[in-house]
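Some notes on the structure that comes next.
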Amino acid sequence: MRIIVTGAAGFIGFHFAQRLLTEGHTVIGLDNLNDYYDVRLKEDRLALLRQYPEFHFERVGLEDGERVKGIFRVAGAERIVHLAAQAGVRYSLQNPLVYIQSNVLGFTNVLEACRELQIPHLIYASSSSVYGANAKIPFSVRDNVDHPVSIYAATKKADELLAHTYSHLFALPTTGLRFFTVYGPWGRPDMAYFSFTKAILEGRPIQVFNHGRMQRDFTYIDDIVEGMVRLLGRIPRPNPELRGSSLDPGTSHAPYRIYNIGNNKPVELLRFIEVLEQALGKQAIKEFLPMQPGDVPVTYADIDDLEREIGFRPATSLEEGIGRFVRWYLDYYR
C-alpha cells in the first residue's frame, strides 16, 4: 500500500515507517523537524529511512492545512497514520498554545484532508494520559475519560472527539490508539528512561517523582509497532445498535474505534530504575521528590479488545527491552 505517516522523524513514527518499508509498502513521511528535542536525532532517524527507495519525505507543519491537503492529494495514499504531535506532559504546562496548534489544529487539518480525499482508514495516536483522574484500573476503553489532568491529555481527548465527529458526519473510518509509556532504541530524550540513562552514566542525580511509587505500563516499541501493523487492515465498521442508552465510549454507531495499546503489566518506577542500573552496570544517585502537576500515579492498560480483534499481546520483557535500549544508547552516543 501507499501509506502517509505523519511524525515520521519521531520515535514511534520512525519505527513504524521502517517496519512498513521492510514489508514493501511505500511510505510518504511528513514531519516539521521542530526543536522540542535534539533535531540531530530526528535527522539520523530520517537518514535510515531514506535508505529505502520507497520512502519519500516532506517537511511540513500540519498547521498549514492547504499544504497538507496538497501533499495528501498527490500521494494517493490508501492509509493515513497520524503520529505527529507536540508531546510531553510537563512542557504543556508552560506552552499550552503550542499543543493547541499542533495537536488540535494540526489534527483537524489531517481530518479535513482525509474527508475531502475520502481516505479509507485513518489511524491516529491518542494517549493513556486521557484517563487522567480515573482511579479504576486497569484502564478500559469502556471507561469515561472526561477528567484530564494535563493540557497534553486534554488535546488528545479533543482529538478523539474530533475523530468521532468526522466518523459520524462524513463516514470517515478512524481508529484511535491510546499508547502507554512507549520506550526503546531511538526514543525521545525527554522521556524519563532516556534522561535517567544519561544522568547515571554522567554520575549526576536522577529526579524520582512520587518517591518512586509511580507505576507505568512500560511498552516496548516493537510491540507497539506490531499492534499498529495488524490494525492497518482492520477498518472500523459502524455498529447501528449503539445509540441512545447503549452508547459505548470505545466504539460507536459510526465507523470509529478506540484501542488501548500497552503492555498490560504496570511496573513500579523504582523497579524500572533497578533494571536500568543492571543493564548499565552502574548505580543511580536518586533524588526523591513529590508528584509533579499533571502526573498520575498509575497507568495500566486493559487490552482485551485488541487481543480479541487482532490477537495482539506484547511479548517483550522489561529486562529485554531495557537491554536493547541501553545497547543502542551506548553505541549511538559512543
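How things are named: the first chain in the C-alpha cells is A, the next is B, and so on; residues count from 1 in each chain; ligands count from 1 in the order shown.
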Identify, on the basis of only C-alpha atoms, every residue whose closest approach to range 259-270 of chain A does not exceed 9 Å; exclude the query and any residue fewer than 6 positions from it along the same chain; express the result as a ChimeraX atom specification. /A:127-128,138-141,175-182,208-209,211-220,223-224,227-228,250,298-306,312-316,318
Which residues, written as a ChimeraX atom specification, have at least one atom at most 9 Å from range 33-41 of chain A, with only C-alpha atoms counted and residues fewer than 4 positions away on the same chain left out? /A:7,9-10,45-46,59-61,86-87,186,188-190
Interatomic distance between CA of Gly203 in chain A and CA of Arg271 in chain A?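 We find that CA of Gly203 in chain A and CA of Arg271 in chain A lie 19.6 Å from each other.
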May I have the residues within 8 Å of Gly294 in chain A as a list in words, using only C-alpha atoms and disregarding those fewer than 2 positions away in the same chain?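 Everything that qualifies: Val89, Arg90, Val149, Ser150, Gln292 and Val296 of chain A.
What separates CA of Pro238 in chain A from CA of Ser252 in chain A is a distance of 6.3 Å.
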Would you return as an MDAnalysis selection string the members of range 76-297 of chain A that DSSP assigns to alpha helix (DSSP H) on this structure's backbone? chainID A and resid 89:94 96:99 106:117 151:170 192:202 221:231 269:280
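Near Pro205 in chain A, within 10 Å and counting only C-alpha atoms, sit A:Phe196, A:Ala199, A:Ile200, A:Ala284, A:Ile285, A:Lys286, A:Glu287, A:Phe288, not including residues fewer than 4 positions from it in the same chain.
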All strand (DSSP E or B) residues (DSSP, backbone) inside range 33-170 of chain A, as a PyMOL selection string: chain A and resi 55-59+79-82+122-127+139
Could you check how far CA of Val68 in chain A sits from CA of Arg2 in chain A, in Å to one decimal?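 Interatomic distance, CA of Val68 in chain A to CA of Arg2 in chain A: 16.2 Å.
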Give me the residues near Leu276 in chain A as a list in words, where near means some atom within 7 Å (using only C-alpha atoms) and where sequence neighbours in that chain fewer than 4 positions away do not count.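 Listing them by chain and then by number gives Phe272, Leu280 and Ile322 of chain A.
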